[in-house]
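S.K.: I'm passing along run-v9.cif; it holds mmCIF, C-alpha atoms and all ligand atoms.
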data_work
loop_
_atom_site.label_atom_id
_atom_site.label_comp_id
_atom_site.auth_asym_id
_atom_site.auth_seq_id
_atom_site.Cartn_x
_atom_site.Cartn_y
_atom_site.Cartn_z
CA MET O 17 15.46 2.85 9.40
CA ASN O 18 15.07 -0.80 8.39
CA PRO O 19 15.87 -2.76 11.53
CA VAL O 20 15.54 -6.04 9.65
CA PHE O 21 17.97 -4.95 6.95
CA GLN O 22 21.25 -4.68 8.81
CA LEU O 23 24.96 -4.82 8.20
CA LYS O 24 26.59 -8.05 9.36
CA ASN O 25 30.20 -8.85 8.53
CA GLN O 26 30.38 -5.61 6.47
CA SER O 27 27.50 -6.65 4.23
CA LEU O 28 23.77 -6.02 4.29
CA TYR O 29 21.43 -8.79 5.41
CA ALA O 30 17.67 -9.37 5.31
CA GLU O 31 17.06 -11.09 8.63
CA ASP O 32 19.76 -13.81 8.47
CA VAL O 33 20.20 -13.94 4.70
CA SER O 34 22.92 -12.05 2.86
CA LEU O 35 21.51 -9.73 0.20
CA ALA O 36 24.67 -10.19 -1.89
CA SER O 37 23.99 -13.93 -2.04
CA LEU O 38 20.36 -13.33 -3.05
CA ALA O 39 21.44 -10.99 -5.87
CA LYS O 40 23.83 -13.68 -7.07
CA GLU O 41 21.27 -16.46 -6.92
CA TYR O 42 18.22 -14.71 -8.35
CA GLY O 43 19.74 -11.83 -10.32
CA THR O 44 18.73 -8.18 -10.24
CA PRO O 45 16.53 -6.15 -10.13
CA LEU O 46 15.18 -8.15 -7.20
CA TYR O 47 12.65 -7.29 -4.52
CA VAL O 48 13.47 -8.82 -1.13
CA TYR O 49 10.97 -8.82 1.73
CA SER O 50 11.27 -9.73 5.39
CA ARG O 51 8.45 -11.90 6.58
CA SER O 52 8.95 -11.00 10.24
CA GLU O 53 8.72 -7.28 9.48
CA PHE O 54 5.32 -7.78 7.82
CA GLU O 55 4.16 -9.80 10.82
CA ASN O 56 5.53 -7.43 13.43
CA ARG O 57 4.02 -4.34 11.86
CA TRP O 58 0.56 -5.88 11.38
CA GLN O 59 0.64 -7.16 14.95
CA ALA O 60 1.69 -3.74 16.23
CA PHE O 61 -1.53 -2.31 14.76
CA ASP O 62 -3.63 -5.18 16.04
CA GLN O 63 -2.25 -5.09 19.57
CA ALA O 64 -2.40 -1.30 19.89
CA PHE O 65 -6.20 -1.51 19.92
CA GLY O 66 -6.28 -3.40 23.22
CA ASN O 67 -9.91 -4.09 24.11
CA GLN O 68 -11.38 -1.77 21.50
CA PRO O 69 -13.28 -3.87 18.94
CA HIS O 70 -11.29 -3.56 15.73
CA LEU O 71 -10.19 -5.07 12.44
CA VAL O 72 -6.87 -4.26 10.77
CA CYS O 73 -7.48 -4.53 7.02
CA TYR O 74 -4.16 -4.49 5.18
CA ALA O 75 -4.41 -2.37 2.00
CA VAL O 76 -3.70 -4.96 -0.70
CA LYS O 77 -2.59 -2.42 -3.34
CA THR O 78 0.53 -1.71 -1.29
CA ASN O 79 2.15 -5.09 -1.89
CA SER O 80 -0.15 -7.77 -3.20
CA ASN O 81 2.03 -10.84 -3.70
CA ILE O 82 -0.07 -13.76 -2.46
CA ALA O 83 2.76 -14.91 -0.19
CA VAL O 84 2.57 -11.56 1.60
CA LEU O 85 -1.22 -11.76 1.85
CA ASN O 86 -0.98 -15.32 3.12
CA VAL O 87 1.45 -14.36 5.90
CA LEU O 88 -0.99 -11.69 7.05
CA ALA O 89 -4.07 -13.90 6.59
CA LYS O 90 -2.49 -16.44 8.95
CA LEU O 91 -2.37 -13.75 11.62
CA GLY O 92 -6.09 -13.09 11.15
CA ALA O 93 -5.74 -9.95 9.03
CA GLY O 94 -8.58 -8.32 7.18
CA PHE O 95 -7.97 -6.82 3.75
CA ASP O 96 -8.85 -3.56 2.02
CA ILE O 97 -9.32 -4.16 -1.70
CA VAL O 98 -10.02 -1.90 -4.66
CA SER O 99 -10.69 -4.39 -7.46
CA GLN O 100 -11.87 -7.90 -8.16
CA GLY O 101 -8.28 -8.76 -8.98
CA GLU O 102 -7.28 -7.89 -5.42
CA LEU O 103 -10.24 -9.91 -4.09
CA GLU O 104 -9.11 -12.95 -6.10
CA ARG O 105 -5.61 -12.53 -4.64
CA VAL O 106 -6.99 -12.46 -1.10
CA LEU O 107 -9.03 -15.60 -1.74
CA ARG O 108 -6.06 -17.41 -3.29
CA ALA O 109 -3.93 -16.41 -0.33
CA GLY O 110 -6.42 -17.96 2.10
CA GLY O 111 -7.84 -14.65 3.35
CA ASP O 112 -11.29 -14.59 4.93
CA PRO O 113 -13.80 -12.81 2.65
CA LYS O 114 -15.80 -11.84 5.72
CA LYS O 115 -12.87 -9.62 6.69
CA VAL O 116 -12.67 -7.83 3.34
CA VAL O 117 -13.70 -4.22 2.81
CA PHE O 118 -14.08 -3.00 -0.77
CA SER O 119 -12.93 0.58 -1.47
CA GLY O 120 -12.55 2.44 -4.78
CA VAL O 121 -14.51 4.90 -6.88
CA ALA O 122 -15.36 2.70 -9.87
CA LYS O 123 -16.67 -0.68 -8.77
CA GLN O 124 -18.04 -2.50 -11.80
CA SER O 125 -21.20 -4.61 -11.69
CA GLY O 126 -19.24 -7.84 -12.15
CA GLU O 127 -16.93 -6.92 -9.31
CA ILE O 128 -19.87 -6.13 -7.03
CA ARG O 129 -21.47 -9.46 -7.97
CA ARG O 130 -18.33 -11.43 -7.13
CA ALA O 131 -17.92 -9.59 -3.82
CA LEU O 132 -21.53 -10.35 -2.85
CA GLN O 133 -21.13 -13.96 -3.95
CA VAL O 134 -18.15 -14.57 -1.65
CA GLY O 135 -19.71 -12.53 1.16
CA ILE O 136 -17.35 -9.64 1.85
CA ARG O 137 -17.64 -7.61 5.01
CA CYS O 138 -18.51 -4.19 3.61
CA PHE O 139 -18.60 -2.00 0.52
CA ASN O 140 -17.16 1.47 1.02
CA ILE O 141 -19.45 3.52 -1.21
CA GLU O 142 -18.08 6.59 -2.94
CA SER O 143 -21.09 8.09 -4.79
CA HIS O 144 -24.90 8.18 -5.21
CA ALA O 145 -24.58 6.32 -8.50
CA GLU O 146 -22.56 3.54 -6.90
CA LEU O 147 -25.14 3.11 -4.14
CA ASP O 148 -27.83 2.68 -6.80
CA ARG O 149 -25.75 0.13 -8.66
CA ILE O 150 -25.00 -1.95 -5.57
CA GLN O 151 -28.71 -1.94 -4.65
CA ALA O 152 -29.56 -3.16 -8.17
CA VAL O 153 -26.95 -5.94 -8.21
CA ALA O 154 -27.80 -7.08 -4.66
CA GLN O 155 -31.50 -7.16 -5.55
CA GLN O 156 -30.83 -9.31 -8.62
CA MET O 157 -28.86 -11.72 -6.44
CA ASP O 158 -31.36 -11.59 -3.59
CA LYS O 159 -28.63 -10.58 -1.16
CA VAL O 160 -28.23 -7.67 1.24
CA ALA O 161 -25.08 -5.57 0.87
CA ASP O 162 -23.55 -4.16 4.05
CA ILE O 163 -22.17 -0.74 3.26
CA SER O 164 -20.44 2.27 4.66
CA ILE O 165 -20.24 5.60 2.91
CA ARG O 166 -16.84 7.09 2.30
CA VAL O 167 -17.07 10.68 3.41
CA ASN O 168 -14.70 13.40 2.50
CA PRO O 169 -13.99 15.30 5.71
CA ASP O 170 -12.11 18.11 3.90
CA VAL O 171 -8.99 17.73 6.02
CA ASP O 172 -5.55 18.62 4.71
CA ALA O 173 -3.35 15.55 5.11
CA LYS O 174 -0.24 17.69 4.48
CA THR O 175 1.26 15.14 2.15
CA HIS O 176 2.14 15.02 -1.56
CA PRO O 177 -0.85 16.31 -3.62
CA TYR O 178 -1.01 13.07 -5.66
CA ILE O 179 -1.57 10.99 -2.53
CA SER O 180 -3.81 13.40 -0.64
CA THR O 181 -7.41 12.22 -0.86
CA GLY O 182 -9.49 13.96 1.81
CA LEU O 183 -9.84 17.43 0.30
CA LYS O 184 -12.95 18.81 -1.40
CA ASP O 185 -11.11 18.90 -4.75
CA ASN O 186 -10.40 15.14 -4.71
CA LYS O 187 -12.48 12.59 -6.60
CA PHE O 188 -12.88 10.41 -3.51
CA GLY O 189 -15.87 10.03 -1.20
CA VAL O 190 -18.90 12.24 -0.74
CA ASP O 191 -19.03 15.62 0.97
CA ILE O 192 -19.45 14.92 4.68
CA ASN O 193 -22.11 17.63 4.92
CA THR O 194 -24.38 15.97 2.39
CA ALA O 195 -23.71 12.43 3.62
CA PRO O 196 -26.83 12.21 5.86
CA GLU O 197 -29.00 12.50 2.76
CA LEU O 198 -27.19 9.56 1.16
CA TYR O 199 -27.49 7.53 4.36
CA ARG O 200 -31.25 8.17 4.37
CA LYS O 201 -31.43 6.96 0.79
CA ALA O 202 -29.30 3.89 1.63
CA ASN O 203 -31.52 3.10 4.60
CA SER O 204 -34.62 3.22 2.43
CA TYR O 205 -33.20 0.68 -0.05
CA SER O 206 -34.40 -2.90 0.23
CA HIS O 207 -31.05 -4.63 -0.34
CA ILE O 208 -28.67 -2.21 1.37
CA ASN O 209 -27.72 -2.24 5.02
CA PRO O 210 -25.74 0.84 6.13
CA ILE O 211 -23.46 -0.27 8.96
CA GLY O 212 -20.46 2.03 8.87
CA ILE O 213 -18.84 5.35 8.07
CA ASP O 214 -15.62 5.32 6.07
CA CYS O 215 -12.93 7.89 5.40
CA HIS O 216 -9.36 7.87 4.10
CA ILE O 217 -7.61 11.22 3.89
CA GLY O 218 -4.30 10.40 2.25
CA SER O 219 -1.06 8.49 2.42
CA GLN O 220 2.38 8.98 4.00
CA LEU O 221 1.01 11.23 6.77
CA THR O 222 3.66 12.04 9.32
CA GLU O 223 1.45 13.81 11.87
CA ILE O 224 -1.42 12.55 14.00
CA THR O 225 -3.50 15.75 13.94
CA PRO O 226 -5.15 15.34 10.50
CA PHE O 227 -6.29 11.82 11.46
CA VAL O 228 -7.82 13.09 14.70
CA ASP O 229 -9.45 16.06 12.95
CA ALA O 230 -11.00 13.70 10.39
CA LEU O 231 -12.25 11.41 13.17
CA GLU O 232 -13.81 14.37 14.96
CA ARG O 233 -15.83 15.17 11.84
CA VAL O 234 -16.79 11.55 11.38
CA LEU O 235 -18.02 11.42 14.99
CA THR O 236 -20.17 14.50 14.42
CA LEU O 237 -21.72 12.73 11.44
CA LYS O 238 -22.27 9.59 13.52
CA ASP O 239 -24.22 11.63 16.10
CA ARG O 240 -26.22 13.27 13.36
CA LEU O 241 -27.13 9.87 11.91
CA ALA O 242 -28.14 8.61 15.36
CA GLU O 243 -30.57 11.55 15.60
CA ASP O 244 -32.05 10.28 12.34
CA GLY O 245 -32.44 6.87 13.97
CA LEU O 246 -29.54 5.25 12.15
CA ASN O 247 -27.05 3.50 14.40
CA ILE O 248 -23.59 2.95 13.03
CA HIS O 249 -21.78 -0.27 13.87
CA HIS O 250 -18.25 0.55 12.73
CA LEU O 251 -15.99 3.42 11.74
CA ASP O 252 -13.45 2.73 9.00
CA LEU O 253 -10.69 5.30 9.36
CA GLY O 254 -8.70 4.31 6.28
CA GLY O 255 -4.94 3.99 6.03
CA GLY O 256 -2.31 6.65 5.64
CA LEU O 257 0.21 6.35 8.45
CA GLY O 258 3.61 7.33 7.05
CA ILE O 259 6.99 5.69 7.42
CA GLN O 260 10.55 6.90 7.65
CA TYR O 261 12.19 7.06 4.23
CA THR O 262 14.93 9.48 5.26
CA ASP O 263 14.47 12.04 8.02
CA GLU O 264 10.68 11.94 8.45
CA THR O 265 9.48 11.32 11.99
CA PRO O 266 6.12 9.58 11.67
CA PRO O 267 4.24 8.75 14.86
CA ALA O 268 4.67 5.26 16.28
CA ILE O 269 1.83 2.88 15.42
CA ALA O 270 0.81 2.61 19.08
CA ASP O 271 0.65 6.41 19.53
CA TYR O 272 -1.43 6.83 16.38
CA ILE O 273 -3.94 4.17 17.41
CA GLN O 274 -4.04 5.47 20.99
CA ALA O 275 -4.84 8.98 19.73
CA LEU O 276 -7.76 7.58 17.73
CA ILE O 277 -9.12 5.53 20.64
CA THR O 278 -8.84 8.49 22.99
CA LYS O 279 -10.71 10.77 20.60
CA LEU O 280 -13.31 8.09 19.99
CA ASP O 281 -13.92 7.48 23.67
CA ASP O 282 -16.43 4.71 22.97
CA PRO O 283 -15.40 1.12 23.73
CA SER O 284 -18.47 -0.31 22.04
CA ILE O 285 -17.90 0.80 18.47
CA GLU O 286 -15.72 -1.24 16.12
CA VAL O 287 -12.84 0.51 14.41
CA ILE O 288 -11.57 -0.67 11.03
CA ILE O 289 -8.29 0.66 9.67
CA GLU O 290 -6.65 0.07 6.31
CA PRO O 291 -2.89 0.51 6.71
CA GLY O 292 -0.64 -0.37 3.81
CA ARG O 293 2.65 1.49 3.71
CA ALA O 294 3.15 1.40 7.48
CA ILE O 295 3.12 -2.41 7.31
CA ALA O 296 4.91 -3.07 4.02
CA GLY O 297 7.16 -0.06 3.38
CA ASN O 298 10.17 -0.93 5.44
CA ALA O 299 9.67 -4.66 5.00
CA GLY O 300 11.27 -4.59 1.55
CA VAL O 301 14.28 -3.47 -0.47
CA LEU O 302 14.96 -3.42 -4.18
CA LEU O 303 18.35 -4.81 -5.17
CA THR O 304 19.98 -3.46 -8.30
CA GLU O 305 23.40 -3.81 -9.95
CA VAL O 306 25.54 -0.97 -11.23
CA GLU O 307 25.93 -1.63 -14.97
CA TYR O 308 28.06 1.32 -16.03
CA LEU O 309 29.64 4.36 -14.46
CA LYS O 310 29.39 7.42 -16.69
CA PRO O 311 31.08 10.44 -15.17
CA THR O 312 30.60 13.60 -17.24
CA GLU O 313 31.79 17.16 -16.88
CA HIS O 314 28.52 18.18 -15.26
CA LYS O 315 27.29 15.10 -13.48
CA ASN O 316 28.21 11.59 -12.52
CA PHE O 317 25.73 9.01 -13.71
CA ALA O 318 25.65 5.52 -12.29
CA ILE O 319 23.56 3.46 -14.67
CA ILE O 320 21.82 0.71 -12.75
CA ASP O 321 19.74 -2.24 -13.94
CA ALA O 322 16.57 -1.15 -12.09
CA ALA O 323 14.43 1.53 -13.64
CA MET O 324 11.28 3.58 -13.28
CA ASN O 325 9.29 0.58 -14.54
CA ASP O 326 10.50 -1.38 -11.48
CA LEU O 327 10.03 1.41 -8.93
CA ILE O 328 8.15 4.45 -10.14
CA ARG O 329 7.89 6.43 -6.90
CA PRO O 330 10.97 8.65 -7.46
CA ALA O 331 9.86 9.51 -11.03
CA LEU O 332 6.18 9.97 -10.21
CA TYR O 333 6.28 11.74 -6.85
CA GLN O 334 9.90 12.88 -6.68
CA ALA O 335 9.97 10.51 -3.72
CA TYR O 336 13.26 10.07 -1.87
CA GLN O 337 14.30 6.52 -1.07
CA ASP O 338 17.58 5.78 0.60
CA ILE O 339 20.09 3.87 -1.56
CA VAL O 340 23.03 2.05 -0.01
CA ALA O 341 25.76 -0.33 -1.10
CA VAL O 342 25.00 -3.92 -0.14
CA THR O 343 28.69 -4.45 0.57
CA PRO O 344 30.23 -1.02 1.24
CA ARG O 345 33.67 -0.63 -0.36
CA GLU O 346 36.74 -0.07 1.71
CA ASP O 347 38.80 1.05 -1.30
CA GLY O 348 38.06 4.01 -3.58
CA ILE O 349 36.43 7.31 -2.74
CA GLU O 350 32.91 8.65 -2.44
CA ALA O 351 31.49 10.82 -5.18
CA GLU O 352 28.04 12.25 -5.93
CA TRP O 353 26.05 10.09 -8.31
CA ASP O 354 22.70 10.25 -10.05
CA LEU O 355 21.36 6.69 -10.08
CA VAL O 356 19.60 6.30 -13.39
CA GLY O 357 17.97 3.34 -15.09
CA PRO O 358 17.99 1.92 -18.63
CA VAL O 359 14.59 3.37 -19.61
CA CYS O 360 14.58 6.03 -22.30
CA GLU O 361 13.19 8.88 -20.22
CA THR O 362 14.96 11.68 -18.41
CA GLY O 363 12.62 11.01 -15.48
CA ASP O 364 14.08 7.52 -15.13
CA PHE O 365 16.05 7.87 -11.92
CA LEU O 366 15.91 6.19 -8.53
CA GLY O 367 18.03 8.76 -6.73
CA LYS O 368 19.89 11.98 -7.42
CA ASN O 369 23.07 13.45 -5.94
CA ARG O 370 23.76 10.44 -3.75
CA LYS O 371 27.15 10.22 -2.06
CA LEU O 372 28.37 6.70 -2.79
CA ASN O 373 31.61 4.90 -3.39
CA LEU O 374 30.85 2.90 -6.53
CA LYS O 375 32.35 0.53 -9.07
CA ASP O 376 30.52 -1.22 -11.87
CA GLY O 377 29.17 -4.58 -10.76
CA ASP O 378 28.33 -3.29 -7.27
CA ILE O 379 24.98 -4.30 -5.80
CA LEU O 380 22.89 -1.52 -4.29
CA ALA O 381 19.79 -1.71 -2.10
CA VAL O 382 16.99 0.81 -2.58
CA LYS O 383 15.43 0.88 0.85
CA SER O 384 11.80 1.21 1.96
CA ALA O 385 10.68 -0.46 -1.27
CA GLY O 386 8.18 -2.89 0.23
CA ALA O 387 5.22 -0.58 -0.40
CA TYR O 388 4.06 0.62 -3.82
CA GLY O 389 7.17 -0.90 -5.39
CA PHE O 390 6.42 -4.10 -7.27
CA THR O 391 2.67 -3.37 -7.38
CA MET O 392 3.26 -0.20 -9.40
CA SER O 393 5.81 -1.78 -11.71
CA SER O 394 5.20 -2.15 -15.44
CA ASN O 395 6.69 -3.63 -18.60
CA TYR O 396 7.63 -0.26 -20.09
CA ASN O 397 10.49 -0.64 -22.59
CA THR O 398 9.58 -4.36 -22.69
CA ARG O 399 11.36 -4.99 -19.44
CA PRO O 400 10.31 -8.17 -17.63
CA ARG O 401 9.07 -7.46 -14.14
CA ALA O 402 11.50 -8.15 -11.31
CA ALA O 403 11.59 -11.29 -9.20
CA GLU O 404 10.42 -11.24 -5.57
CA VAL O 405 11.93 -13.14 -2.66
CA MET O 406 10.68 -13.45 0.91
CA VAL O 407 13.11 -14.13 3.71
CA LYS O 408 12.29 -15.87 6.97
CA GLY O 409 15.17 -16.24 9.37
CA ASP O 410 18.01 -17.84 7.40
CA LYS O 411 15.75 -19.10 4.60
CA ALA O 412 14.83 -17.38 1.34
CA TYR O 413 11.79 -18.24 -0.75
CA LEU O 414 11.26 -17.19 -4.33
CA ILE O 415 7.67 -15.88 -4.25
CA ARG O 416 7.62 -14.65 -7.85
CA PRO O 417 10.19 -15.61 -10.45
CA ARG O 418 11.47 -12.99 -12.85
CA GLU O 419 9.03 -12.61 -15.70
CA THR O 420 10.12 -14.38 -18.92
CA TYR O 421 9.84 -12.88 -22.40
CA ASP O 422 7.28 -15.55 -23.19
CA GLU O 423 5.10 -14.48 -20.28
CA LEU O 424 5.61 -10.88 -21.24
CA MET O 425 4.43 -11.14 -24.85
CA GLY O 426 3.23 -14.73 -25.17
CA THR O 427 -0.45 -13.82 -25.45
CA GLU O 428 0.05 -11.17 -28.13
CA GLN O 429 -1.08 -12.13 -31.64
CA LEU O 430 0.07 -11.33 -35.13
CA ILE O 431 -2.83 -10.44 -37.42
CA GLU O 432 -3.28 -12.81 -40.33
CA ASP O 433 -3.63 -10.44 -43.21
N1 LIG X 501 -7.30 2.81 2.03
C1 LIG X 501 -7.55 3.46 0.88
C2 LIG X 501 -8.96 3.69 0.51
C3 LIG X 501 -6.51 3.90 0.07
O1 LIG X 501 -6.79 4.57 -1.06
C4 LIG X 501 -5.17 3.67 0.45
C5 LIG X 501 -4.05 4.11 -0.39
C6 LIG X 501 -4.93 2.96 1.65
C7 LIG X 501 -6.03 2.56 2.42
C8 LIG X 501 -3.55 2.63 2.14
O2 LIG X 501 -2.85 3.80 2.43
P1 LIG X 501 -1.42 3.73 3.15
O3 LIG X 501 -1.63 3.17 4.55
O4 LIG X 501 -0.53 2.86 2.37
O5 LIG X 501 -0.96 5.13 3.18
N2 LIG X 501 1.35 5.06 -4.67
C9 LIG X 501 1.50 6.07 -3.63
C10 LIG X 501 0.49 5.87 -2.52
C11 LIG X 501 -0.94 5.80 -2.99
C12 LIG X 501 -1.91 5.53 -1.90
C13 LIG X 501 -3.24 5.15 -2.44
N3 LIG X 501 -4.22 4.78 -1.46
C14 LIG X 501 2.93 6.06 -3.15
O6 LIG X 501 3.75 5.29 -3.66
O7 LIG X 501 3.31 6.87 -2.30
#
Would you mind giving the structure from this file in structure tokens?

M.R.:
Amino acid sequence: MNPVFQLKNQSLYAEDVSLASLAKEYGTPLYVYSRSEFENRWQAFDQAFGNQPHLVCYAVKTNSNIAVLNVLAKLGAGFDIVSQGELERVLRAGGDPKKVVFSGVAKQSGEIRRALQVGIRCFNIESHAELDRIQAVAQQMDKVADISIRVNPDVDAKTHPYISTGLKDNKFGVDINTAPELYRKANSYSHINPIGIDCHIGSQLTEITPFVDALERVLTLKDRLAEDGLNIHHLDLGGGLGIQYTDETPPAIADYIQALITKLDDPSIEVIIEPGRAIAGNAGVLLTEVEYLKPTEHKNFAIIDAAMNDLIRPALYQAYQDIVAVTPREDGIEAEWDLVGPVCETGDFLGKNRKLNLKDGDILAVKSAGAYGFTMSSNYNTRPRAAEVMVKGDKAYLIRPRETYDELMGTEQLIED
């Protein structure tokens, strides 16, 4: 599953660095990323396009540490952002604003202003009201905003309902059937330049068909717009390619891209994609220590030092992430354990009914934690956020120290009364 996280000398390694040694040096919970995995996965997307004009815009929300963004920026990556905060991260990481696309349903005027000021590539517009606002801000600044309209192709992504975005019931995008009207409006605006069509149908898709179905609908719209005299320069097909967490069999990156290019059948149009999980997911693990074993009559609980505030996916989506011992024991016997955290909620678990051979003090690795792990973490229960380390070959770099209590509450104020 994680080719870069492998057993060597009976212990798990990230590239050439022992995870046990990292847990000892930096403590737990600890996120550990493999730099080469980030690079290889981004390059796999980039290379799969061959001669088709394209831009692979990494979805920043997936894992937004500036060291990660910098590694990708050095390869020439574009970035898909959803907030000014993410834009500032990209800029700090040395990313090229001209390769930034701005998604999201609620862009604020200040965010639009900043994006126009630094000269991003394109706004992905999600509503009539947003189009009006971008026109107004661009006019004030005497700039022209390049835009695409995010259409909702009403395709079932066959994924978890919380991460399915391309259905009529979802808040995202505009109905593909009414999109031509919005394009006409956009075209009539003085400070708006419609250059693309955008769609994103969901996340953790493990089949190619929904992507191709969505593209087919987008192509129909493109033809319709051409009849209206509006020529589209790029298609942004969003992110969404799934990864293997356990026994899923997602398509290979190359097959997914090839299917899109084949359907497109037009070597002149530029394709933008916004993958996140497929780049970051299996580039990271979360290390955690077993604090206490608490066998009961009904269940065996292993209480670990990582919790739902560190990795919320199991609690929020009932997501399954593989959990393995960093140094598997040769003594003792396997039992079934629920791996639960210190947070005061019954939903605070990282795995249930896992067959493991455990003792307190053991270090475990929660796999496939590179995507939507740290970025969704919080301070719930006043828990400092975990540290993050990036490994390159036999070197480890601390890319975010563990949060201190001062950082956590240092800006809070007592009222003088
Ligand atoms: N583009 C847009 C407009 C998006 O909304 C997303 C993800 C992506 C690209 C990247 O999608 P990806 O390639 O990673 O599937 N927190 C959830 C996933 C939420 C996805 C939100 N949008 C999880 O942990 O499963």

S.K.: For range 77-79 of chain O, list every protein, DNA or RNA residue within 7 Å, evaluated using only C-alpha atoms, and leave out those in the same chain fewer than 5 positions away; present the list as a ChimeraX atom specification.

M.R.: /O:292-293,296,386-388,390-391

S.K.: Please measure the separation of CA of His216 in chain O and CA of Ser119 in chain O, giving the value in Å to one decimal.

M.R.: 9.8 Å

S.K.: Using 8 Å as the limit and counting only C-alpha atoms and all ligand atoms, can you tabulate each residue of chain O that touches ligand LIG 501 (chain X), with its shortest atom-to-atom distance in Å and the two atoms involved, as CSV?

M.R.:
residue,atom,partner,partner_atom,distance
O:Tyr74,CA,X:LIG501,C8,7.8
O:Ala75,CA,X:LIG501,C8,5.1
O:Lys77,CA,X:LIG501,C5,7.3
O:Thr78,CA,X:LIG501,O4,6.0
O:Asp96,CA,X:LIG501,N1,6.6
O:Val98,CA,X:LIG501,C2,7.7
O:Ser119,CA,X:LIG501,C2,5.4
O:Gly120,CA,X:LIG501,C2,6.5
O:Tyr178,CA,X:LIG501,C9,7.7
O:Ile179,CA,X:LIG501,C11,5.2
O:Thr181,CA,X:LIG501,O1,7.7
O:Cys215,CA,X:LIG501,C2,7.6
O:His216,CA,X:LIG501,C2,5.5
O:Gly218,CA,X:LIG501,O5,6.3
O:Ser219,CA,X:LIG501,O5,3.4
O:Gln220,CA,X:LIG501,O5,5.2
O:Leu221,CA,X:LIG501,O5,7.3
O:Gly254,CA,X:LIG501,N1,4.7
O:Gly255,CA,X:LIG501,O3,3.7
O:Gly256,CA,X:LIG501,O5,3.2
O:Leu257,CA,X:LIG501,O3,5.4
O:Gly258,CA,X:LIG501,O5,6.4
O:Ile289,CA,X:LIG501,C7,7.8
O:Glu290,CA,X:LIG501,C7,4.7
O:Pro291,CA,X:LIG501,O3,3.7
O:Gly292,CA,X:LIG501,O4,3.5
O:Arg293,CA,X:LIG501,O4,3.7
O:Ala294,CA,X:LIG501,O3,5.9
O:Ile295,CA,X:LIG501,O3,7.8
O:Ile328,CA,X:LIG501,O6,7.9
O:Arg329,CA,X:LIG501,O6,5.4
O:Tyr333,CA,X:LIG501,O7,7.3
O:Ala335,CA,X:LIG501,O7,7.7
O:Ala387,CA,X:LIG501,O6,6.9
O:Tyr388,CA,X:LIG501,O6,4.7
O:Gly389,CA,X:LIG501,O6,7.3
O:Met392,CA,X:LIG501,N2,7.3

S.K.: Just want the 12 Å neighbourhood of Arg240 in chain O, counted on all atoms listed in the file, with same-chain residues fewer than 6 positions away dropped. Output as a list in words.

M.R.: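 Here the qualifying residues turn out to be Ile192, Asn193, Thr194, Ala195, Pro196, Glu197, Tyr199, Arg200, Arg233, Val234, Leu246, Asn247 and Ile248 of chain O.
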
S.K.: Would you output that residue set with C-alpha atoms, as an mmCIF file, in the frame of the given file?

M.R.:
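again-v4.cif, written as the output of this step:
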data_model
loop_
_atom_site.group_PDB
_atom_site.id
_atom_site.type_symbol
_atom_site.label_atom_id
_atom_site.label_comp_id
_atom_site.auth_asym_id
_atom_site.auth_seq_id
_atom_site.Cartn_x
_atom_site.Cartn_y
_atom_site.Cartn_z
ATOM 1 C CA ILE O 192 -19.450 14.920 4.680
ATOM 2 C CA ASN O 193 -22.110 17.630 4.920
ATOM 3 C CA THR O 194 -24.380 15.970 2.390
ATOM 4 C CA ALA O 195 -23.710 12.430 3.620
ATOM 5 C CA PRO O 196 -26.830 12.210 5.860
ATOM 6 C CA GLU O 197 -29.000 12.500 2.760
ATOM 7 C CA TYR O 199 -27.490 7.530 4.360
ATOM 8 C CA ARG O 200 -31.250 8.170 4.370
ATOM 9 C CA ARG O 233 -15.830 15.170 11.840
ATOM 10 C CA VAL O 234 -16.790 11.550 11.380
ATOM 11 C CA LEU O 246 -29.540 5.250 12.150
ATOM 12 C CA ASN O 247 -27.050 3.500 14.400
ATOM 13 C CA ILE O 248 -23.590 2.950 13.030
#

S.K.: Extract, using all atoms listed in the file, all DNA, RNA and protein residues at most 9 Å from range 337-350 of chain O, discarding same-chain residues fewer than 5 positions from it, and format them as a list in words.

M.R.: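 Near neighbours after the sequence-gap exclusion: Leu23, Gln26, Ser27, Leu28, Tyr29, Ser34, Leu35, Ala36, Tyr261, Thr262, Leu303, Arg329, Pro330, Leu366, Gly367, Arg370, Lys371, Leu372, Asn373, Leu374, Lys375, Asp378, Ile379, Leu380, Ala381, Val382, Lys383, Ser384 and Ala385 of chain O.
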
S.K.: May I have the residues within 8 Å of Val153 in chain O as number ranges by chain, using all atoms listed in the file and disregarding those fewer than 5 positions away in the same chain?

M.R.: O: 125, 128-129

S.K.: Calculate how many Å separate CA of Arg137 in chain O from CA of Ile285 in chain O, rounding to one decimal.

M.R.: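 If I compute the distance from CA of Arg137 in chain O to CA of Ile285 in chain O, I get 15.9 Å.
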
S.K.: Do a neighbour search on Glu223 in chain O at 9 Å with all atoms listed in the file, toss out local chain neighbours closer than 5 positions, and write the hits as a ChimeraX atom specification.

M.R.: /O:173-174,257-258,265-267,272

S.K.: Report, in Å to a single decimal, how far apart CA of Pro169 in chain O and CA of Asp282 in chain O are.

M.R.: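 Distance reported for this atom pair: 20.4 Å.
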